Amino acid sequence: MEFKYDKENIFAKILRKEIPNDTVIETDFSLAFKDINPVAPVHILVIPKGPYVNYDHFVSNASNEEVLDFNNTVKEVIKKFDLDPERNGAGYRLIANTGSNGVQEVPHLHFHILGGRNMGFMVSRP
Ligand code: 5GP
């Protein structure tokens, strides 16, 4: 499968520091930052620093170190915002909108971590 990465997407610009962001966690391979248009009291985006369009592209091409770091950064965000129900948090929703049916707006892999309120049904019925 051929993936085409658009270097001018907004998250690529954030990674190049051409536009600002509200960073929550930064590692060698990943960045977690606040969504500019939050839909929940906690709305964090986690992205790999590498040029990957979606999760499939990422896990097929990234190094083990990048994949581990990305997943660990997700875990650290959950910890930082006390979201883990096993640790007395109230839980969260993890979303990766992908492609046109997934209604992905920004073509750089990102996980949304949503928390701080009940998120309701997963998707509306057609
Ligand atoms: P998608 O629909 O691709 O899953 O989600 C893209 C997300 O990126 C949206 O929730 C949107 O609010 C967020 N977003 C778009 N542009 C920016 C930006 O410049 N900065 C930040 N922090 N978030 C952005």
# chains A, B, ... in the order shown; residues from 1 in each chain; ligands from 1

$ select_by_dssp --residues "chain A" --states "strand (DSSP E)" --output "list in words"
Thr23, Val24, Ile25, Glu26, Ser30, Leu31, Ala32, Phe33, Lys34, Val42, His43, Ile44, Leu45, Val46, Ile47, Pro48, Arg93, Leu94, Ile95, Phe111, His112, Ile113, Leu114 and Gly115 of chain A

$ residues_near_ligand --ligand "ligand 1" --cutoff "9 Å" --atoms "only C-alpha atoms and all ligand atoms" --output "compact mmCIF listing (two decimals) with N, CA and C atoms, in the first residue's frame"
# COMPACT_ATOMS: atom_id res chain seq x y z
N ILE A 10 -1.40 20.64 8.71
CA ILE A 10 -1.25 21.54 9.87
C ILE A 10 -0.39 20.94 10.98
N PHE A 11 -0.42 19.61 11.15
CA PHE A 11 0.39 19.02 12.22
C PHE A 11 1.87 18.97 11.82
N LYS A 13 3.21 21.36 10.21
CA LYS A 13 3.60 22.75 10.51
C LYS A 13 3.83 22.94 12.01
N ILE A 14 3.00 22.29 12.81
CA ILE A 14 3.19 22.35 14.27
C ILE A 14 4.53 21.70 14.63
N ILE A 19 3.73 26.92 13.42
CA ILE A 19 2.59 27.44 14.16
C ILE A 19 2.65 26.90 15.59
N PRO A 20 2.15 27.70 16.54
CA PRO A 20 2.29 27.30 17.95
C PRO A 20 1.33 26.18 18.34
N ASN A 21 1.62 25.57 19.48
CA ASN A 21 0.71 24.56 20.03
C ASN A 21 0.85 24.58 21.54
N ASP A 22 -0.14 24.02 22.20
CA ASP A 22 -0.13 23.94 23.66
C ASP A 22 0.33 22.52 24.03
N THR A 23 1.65 22.38 24.19
CA THR A 23 2.23 21.04 24.40
C THR A 23 1.93 20.51 25.78
N PHE A 33 -0.49 17.36 22.50
CA PHE A 33 -0.85 18.77 22.66
C PHE A 33 -2.36 18.92 22.70
N LYS A 34 -2.80 20.08 23.20
CA LYS A 34 -4.24 20.30 23.35
C LYS A 34 -4.88 20.59 22.00
N ASP A 35 -6.06 19.99 21.78
CA ASP A 35 -6.82 20.28 20.57
C ASP A 35 -7.27 21.74 20.61
N ILE A 36 -7.16 22.42 19.46
CA ILE A 36 -7.50 23.85 19.40
C ILE A 36 -9.00 24.07 19.57
N ASN A 37 -9.79 23.03 19.28
CA ASN A 37 -11.24 23.16 19.32
C ASN A 37 -11.81 22.00 20.15
N PRO A 38 -11.58 22.04 21.48
CA PRO A 38 -11.90 20.86 22.30
C PRO A 38 -13.39 20.55 22.34
N VAL A 39 -13.70 19.24 22.33
CA VAL A 39 -15.11 18.81 22.44
C VAL A 39 -15.38 18.16 23.80
N HIS A 43 -9.14 17.24 26.00
CA HIS A 43 -9.09 16.84 24.58
C HIS A 43 -7.65 17.03 24.10
N ILE A 44 -6.94 15.92 24.15
CA ILE A 44 -5.51 15.94 23.81
C ILE A 44 -5.29 15.15 22.52
N LEU A 45 -4.41 15.66 21.68
CA LEU A 45 -4.01 14.94 20.46
C LEU A 45 -2.60 14.40 20.68
N ILE A 95 -9.67 7.90 20.13
CA ILE A 95 -10.21 7.89 18.75
C ILE A 95 -9.10 8.16 17.74
N ALA A 96 -9.13 7.41 16.65
CA ALA A 96 -8.24 7.72 15.52
C ALA A 96 -9.09 7.78 14.26
N ASN A 97 -9.60 8.94 13.94
CA ASN A 97 -10.37 9.11 12.70
C ASN A 97 -9.42 8.85 11.53
N THR A 98 -9.87 8.03 10.59
CA THR A 98 -8.96 7.60 9.52
C THR A 98 -9.66 7.61 8.17
N GLY A 99 -9.08 8.35 7.23
CA GLY A 99 -9.61 8.37 5.86
C GLY A 99 -10.96 9.06 5.75
N GLY A 102 -13.78 7.64 8.00
CA GLY A 102 -13.47 7.98 9.40
C GLY A 102 -13.53 9.48 9.65
N VAL A 103 -13.75 10.25 8.59
CA VAL A 103 -13.81 11.72 8.65
C VAL A 103 -12.54 12.29 9.30
N GLN A 104 -11.41 11.93 8.72
CA GLN A 104 -10.12 12.45 9.16
C GLN A 104 -9.87 13.78 8.46
N GLU A 105 -9.69 14.84 9.26
CA GLU A 105 -9.46 16.17 8.67
C GLU A 105 -7.99 16.41 8.41
N VAL A 106 -7.15 16.01 9.35
CA VAL A 106 -5.72 16.30 9.24
C VAL A 106 -4.98 15.00 8.87
N PRO A 107 -4.30 14.99 7.71
CA PRO A 107 -3.69 13.74 7.24
C PRO A 107 -2.32 13.45 7.84
N HIS A 108 -2.25 13.52 9.15
CA HIS A 108 -1.07 13.11 9.92
C HIS A 108 -1.64 12.32 11.09
N LEU A 109 -1.15 11.08 11.31
CA LEU A 109 -1.72 10.24 12.37
C LEU A 109 -1.88 11.00 13.68
N HIS A 110 -3.06 10.91 14.25
CA HIS A 110 -3.28 11.48 15.58
C HIS A 110 -4.32 10.66 16.31
N PHE A 111 -4.07 10.44 17.59
CA PHE A 111 -5.07 9.87 18.49
C PHE A 111 -5.68 11.03 19.25
N HIS A 112 -7.01 11.03 19.33
CA HIS A 112 -7.70 11.96 20.22
C HIS A 112 -7.86 11.23 21.55

$ residues_around --residues "region 78-82 of chain A" --least-positions-apart "2" --cutoff "9 Å" --atoms "only C-alpha atoms" --output "PyMOL selection string"
chain A and resi 24+42+73-76+84-85+87-92+113+115

$ write_last_selection --atoms "all heavy atoms" --output "short mmCIF file (atom, residue, chain, number, x, y, z; two decimals), in the first residue's frame"
data_model
loop_
_atom_site.label_atom_id
_atom_site.label_comp_id
_atom_site.auth_asym_id
_atom_site.auth_seq_id
_atom_site.Cartn_x
_atom_site.Cartn_y
_atom_site.Cartn_z
N VAL A 24 1.59 19.22 25.83
CA VAL A 24 1.34 18.52 27.09
C VAL A 24 2.54 17.63 27.42
O VAL A 24 3.02 17.61 28.55
CB VAL A 24 0.04 17.69 26.96
CG1 VAL A 24 -0.13 16.75 28.13
CG2 VAL A 24 -1.17 18.61 26.84
N VAL A 42 -11.19 17.46 28.70
CA VAL A 42 -9.84 17.01 28.32
C VAL A 42 -9.91 16.59 26.86
O VAL A 42 -10.72 15.71 26.50
CB VAL A 42 -9.36 15.82 29.18
CG1 VAL A 42 -7.98 15.35 28.70
CG2 VAL A 42 -9.33 16.18 30.66
N THR A 73 3.45 7.46 25.06
CA THR A 73 3.01 8.86 25.23
C THR A 73 1.50 8.90 25.46
O THR A 73 1.02 9.68 26.29
CB THR A 73 3.42 9.70 24.00
OG1 THR A 73 4.84 9.61 23.85
CG2 THR A 73 3.03 11.15 24.16
N VAL A 74 0.75 8.06 24.75
CA VAL A 74 -0.70 7.96 25.00
C VAL A 74 -0.92 7.59 26.47
O VAL A 74 -1.72 8.21 27.18
CB VAL A 74 -1.34 6.91 24.06
CG1 VAL A 74 -2.79 6.64 24.46
CG2 VAL A 74 -1.27 7.37 22.61
N LYS A 75 -0.19 6.59 26.93
CA LYS A 75 -0.33 6.15 28.33
C LYS A 75 0.00 7.29 29.31
O LYS A 75 -0.70 7.49 30.30
CB LYS A 75 0.63 4.97 28.59
CG LYS A 75 0.49 4.37 29.97
CD LYS A 75 1.70 3.56 30.38
CE LYS A 75 2.83 4.47 30.78
NZ LYS A 75 4.03 3.76 31.27
N GLU A 76 1.04 8.04 28.99
CA GLU A 76 1.45 9.13 29.89
C GLU A 76 0.41 10.25 29.94
O GLU A 76 0.22 10.89 30.97
CB GLU A 76 2.82 9.69 29.46
CG GLU A 76 3.98 8.75 29.74
CD GLU A 76 4.14 8.40 31.23
OE1 GLU A 76 3.85 9.24 32.09
OE2 GLU A 76 4.53 7.24 31.52
N ASP A 84 -7.41 7.17 33.86
CA ASP A 84 -7.47 5.71 33.89
C ASP A 84 -8.44 5.21 34.95
O ASP A 84 -8.24 5.44 36.14
CB ASP A 84 -6.06 5.17 34.17
CG ASP A 84 -5.98 3.66 34.03
OD1 ASP A 84 -7.04 3.00 34.00
OD2 ASP A 84 -4.86 3.14 33.97
N PRO A 85 -9.52 4.50 34.56
CA PRO A 85 -10.50 4.04 35.55
C PRO A 85 -9.90 3.05 36.55
O PRO A 85 -10.42 2.92 37.66
CB PRO A 85 -11.60 3.37 34.71
CG PRO A 85 -11.01 3.14 33.37
CD PRO A 85 -9.90 4.11 33.19
N ARG A 87 -7.17 3.49 37.94
CA ARG A 87 -6.46 4.31 38.93
C ARG A 87 -7.36 5.43 39.44
O ARG A 87 -6.93 6.57 39.60
CB ARG A 87 -5.19 4.90 38.32
CG ARG A 87 -4.14 3.88 37.98
CD ARG A 87 -2.81 4.57 37.66
NE ARG A 87 -1.75 3.61 37.50
CZ ARG A 87 -1.48 2.98 36.37
NH1 ARG A 87 -2.19 3.22 35.28
NH2 ARG A 87 -0.49 2.09 36.29
N ASN A 88 -8.64 5.11 39.60
CA ASN A 88 -9.63 6.05 40.14
C ASN A 88 -9.98 7.21 39.21
O ASN A 88 -10.60 8.17 39.64
CB ASN A 88 -9.20 6.61 41.50
CG ASN A 88 -9.14 5.51 42.53
OD1 ASN A 88 -9.97 4.61 42.52
ND2 ASN A 88 -8.15 5.56 43.41
N GLY A 89 -9.57 7.14 37.96
CA GLY A 89 -10.06 8.11 36.99
C GLY A 89 -11.43 7.66 36.51
O GLY A 89 -11.89 6.57 36.82
N ALA A 90 -12.08 8.53 35.74
CA ALA A 90 -13.44 8.19 35.29
C ALA A 90 -13.45 7.60 33.89
O ALA A 90 -14.51 7.32 33.35
CB ALA A 90 -14.31 9.44 35.36
N GLY A 91 -12.29 7.43 33.30
CA GLY A 91 -12.24 6.85 31.96
C GLY A 91 -12.09 7.89 30.87
O GLY A 91 -12.05 9.11 31.14
N TYR A 92 -12.04 7.43 29.66
CA TYR A 92 -11.74 8.32 28.52
C TYR A 92 -12.15 7.62 27.24
O TYR A 92 -12.51 6.44 27.24
CB TYR A 92 -10.24 8.64 28.48
CG TYR A 92 -9.37 7.41 28.41
CD1 TYR A 92 -8.97 6.88 27.20
CD2 TYR A 92 -8.99 6.74 29.58
CE1 TYR A 92 -8.20 5.73 27.14
CE2 TYR A 92 -8.22 5.59 29.54
CZ TYR A 92 -7.82 5.10 28.31
OH TYR A 92 -7.07 3.96 28.26
N ILE A 113 -7.55 11.89 22.65
CA ILE A 113 -7.87 11.37 23.98
C ILE A 113 -8.87 12.33 24.60
O ILE A 113 -8.55 13.52 24.79
CB ILE A 113 -6.61 11.25 24.85
CG1 ILE A 113 -5.60 10.30 24.19
CG2 ILE A 113 -6.98 10.74 26.26
CD1 ILE A 113 -4.25 10.28 24.87
N GLY A 115 -11.75 13.16 27.60
CA GLY A 115 -12.17 12.82 28.95
C GLY A 115 -12.79 14.00 29.66
O GLY A 115 -12.93 15.09 29.09
#

$ closest_residue --among "A:Ala40, A:Thr27, A:Ser100, A:Tyr52" --to "Asn9 (chain A)" --atoms "only C-alpha atoms"
A:Tyr52

$ residues_around --residues "Met122 (chain A)" --least-positions-apart "2" --cutoff "10 Å" --atoms "only C-alpha atoms" --output "list in words"
Arg93, Ile95, Met119, Gly120, Ser124 and Arg125 of chain A

$ write_last_selection --atoms "all heavy atoms" --output "PDB file, in the first residue's frame"
ATOM      1  N   ARG A  93     -12.091   8.350  26.141  1.00  0.00           N
ATOM      2  CA  ARG A  93     -12.297   7.746  24.822  1.00  0.00           C
ATOM      3  C   ARG A  93     -11.078   8.047  23.968  1.00  0.00           C
ATOM      4  O   ARG A  93     -10.599   9.179  23.932  1.00  0.00           O
ATOM      5  CB  ARG A  93     -13.565   8.298  24.169  1.00  0.00           C
ATOM      6  CG  ARG A  93     -13.848   7.638  22.819  1.00  0.00           C
ATOM      7  CD  ARG A  93     -15.266   7.906  22.353  1.00  0.00           C
ATOM      8  NE  ARG A  93     -16.226   7.193  23.185  1.00  0.00           N
ATOM      9  CZ  ARG A  93     -17.533   7.457  23.191  1.00  0.00           C
ATOM     10  NH1 ARG A  93     -18.025   8.394  22.423  1.00  0.00           N
ATOM     11  NH2 ARG A  93     -18.348   6.771  23.971  1.00  0.00           N
ATOM     12  N   ILE A  95      -9.668   7.905  20.126  1.00  0.00           N
ATOM     13  CA  ILE A  95     -10.214   7.893  18.752  1.00  0.00           C
ATOM     14  C   ILE A  95      -9.098   8.158  17.743  1.00  0.00           C
ATOM     15  O   ILE A  95      -8.248   9.030  17.961  1.00  0.00           O
ATOM     16  CB  ILE A  95     -11.287   9.003  18.581  1.00  0.00           C
ATOM     17  CG1 ILE A  95     -12.458   8.788  19.545  1.00  0.00           C
ATOM     18  CG2 ILE A  95     -11.789   9.075  17.139  1.00  0.00           C
ATOM     19  CD1 ILE A  95     -13.473   9.934  19.529  1.00  0.00           C
ATOM     20  N   MET A 119     -19.041  10.586  27.408  1.00  0.00           N
ATOM     21  CA  MET A 119     -18.902  10.840  25.977  1.00  0.00           C
ATOM     22  C   MET A 119     -20.103  10.380  25.155  1.00  0.00           C
ATOM     23  O   MET A 119     -20.148  10.584  23.951  1.00  0.00           O
ATOM     24  CB  MET A 119     -17.636  10.138  25.488  1.00  0.00           C
ATOM     25  CG  MET A 119     -16.707  11.025  24.699  1.00  0.00           C
ATOM     26  SD  MET A 119     -16.235  12.523  25.570  1.00  0.00           S
ATOM     27  CE  MET A 119     -15.275  11.843  26.898  1.00  0.00           C
ATOM     28  N   GLY A 120     -21.086   9.735  25.801  1.00  0.00           N
ATOM     29  CA  GLY A 120     -22.281   9.318  25.063  1.00  0.00           C
ATOM     30  C   GLY A 120     -22.002   8.161  24.117  1.00  0.00           C
ATOM     31  O   GLY A 120     -20.950   7.520  24.191  1.00  0.00           O
ATOM     32  N   SER A 124     -23.274   8.418  16.044  1.00  0.00           N
ATOM     33  CA  SER A 124     -24.712   8.499  15.825  1.00  0.00           C
ATOM     34  C   SER A 124     -25.133   7.447  14.786  1.00  0.00           C
ATOM     35  O   SER A 124     -24.349   7.127  13.892  1.00  0.00           O
ATOM     36  CB  SER A 124     -25.089   9.900  15.346  1.00  0.00           C
ATOM     37  OG  SER A 124     -24.328  10.219  14.216  1.00  0.00           O
ATOM     38  N   ARG A 125     -26.326   6.924  14.925  1.00  0.00           N
ATOM     39  CA  ARG A 125     -26.801   5.931  13.958  1.00  0.00           C
ATOM     40  C   ARG A 125     -27.209   6.619  12.668  1.00  0.00           C
ATOM     41  O   ARG A 125     -27.678   7.755  12.695  1.00  0.00           O
ATOM     42  CB  ARG A 125     -27.983   5.162  14.546  1.00  0.00           C
ATOM     43  CG  ARG A 125     -27.549   4.336  15.741  1.00  0.00           C
ATOM     44  CD  ARG A 125     -28.643   3.419  16.239  1.00  0.00           C
ATOM     45  NE  ARG A 125     -28.196   2.761  17.465  1.00  0.00           N
ATOM     46  CZ  ARG A 125     -27.417   1.694  17.499  1.00  0.00           C
ATOM     47  NH1 ARG A 125     -26.994   1.147  16.370  1.00  0.00           N
ATOM     48  NH2 ARG A 125     -27.044   1.167  18.637  1.00  0.00           N
TER      49      ARG A 125
END

$ residues_around --residues "Phe70 (chain A)" --least-positions-apart "6" --cutoff "9 Å" --atoms "only C-alpha atoms" --output "PyMOL selection string"
chain A and resi 27+29-31+46-48

$ write_last_selection --atoms "N, CA, C and O atoms" --output "PDB file, in the first residue's frame"
ATOM      1  N   THR A  27       8.354  14.031  23.474  1.00  0.00           N
ATOM      2  CA  THR A  27       9.438  13.059  23.569  1.00  0.00           C
ATOM      3  C   THR A  27      10.251  13.148  22.275  1.00  0.00           C
ATOM      4  O   THR A  27       9.947  13.957  21.399  1.00  0.00           O
ATOM      5  N   PHE A  29      10.154  11.153  19.863  1.00  0.00           N
ATOM      6  CA  PHE A  29       9.414  10.641  18.707  1.00  0.00           C
ATOM      7  C   PHE A  29       7.950  11.042  18.656  1.00  0.00           C
ATOM      8  O   PHE A  29       7.278  10.730  17.675  1.00  0.00           O
ATOM      9  N   SER A  30       7.459  11.680  19.702  1.00  0.00           N
ATOM     10  CA  SER A  30       6.015  11.953  19.779  1.00  0.00           C
ATOM     11  C   SER A  30       5.736  13.317  20.401  1.00  0.00           C
ATOM     12  O   SER A  30       6.563  13.857  21.149  1.00  0.00           O
ATOM     13  N   LEU A  31       4.557  13.847  20.070  1.00  0.00           N
ATOM     14  CA  LEU A  31       4.113  15.111  20.666  1.00  0.00           C
ATOM     15  C   LEU A  31       2.651  14.955  21.079  1.00  0.00           C
ATOM     16  O   LEU A  31       1.835  14.449  20.305  1.00  0.00           O
ATOM     17  N   VAL A  46      -2.395  13.143  20.287  1.00  0.00           N
ATOM     18  CA  VAL A  46      -1.046  12.558  20.349  1.00  0.00           C
ATOM     19  C   VAL A  46      -0.635  12.203  18.931  1.00  0.00           C
ATOM     20  O   VAL A  46      -1.396  11.529  18.208  1.00  0.00           O
ATOM     21  N   ILE A  47       0.529  12.702  18.520  1.00  0.00           N
ATOM     22  CA  ILE A  47       1.009  12.427  17.156  1.00  0.00           C
ATOM     23  C   ILE A  47       2.449  11.906  17.203  1.00  0.00           C
ATOM     24  O   ILE A  47       3.232  12.297  18.079  1.00  0.00           O
ATOM     25  N   PRO A  48       2.792  11.043  16.249  1.00  0.00           N
ATOM     26  CA  PRO A  48       4.206  10.706  16.099  1.00  0.00           C
ATOM     27  C   PRO A  48       4.898  11.863  15.373  1.00  0.00           C
ATOM     28  O   PRO A  48       4.246  12.590  14.618  1.00  0.00           O
TER      29      PRO A  48
END

$ atom_distance --atom1 "CA of Lys49 (chain A)" --atom2 "CA of Ser63 (chain A)"
12.1 Å
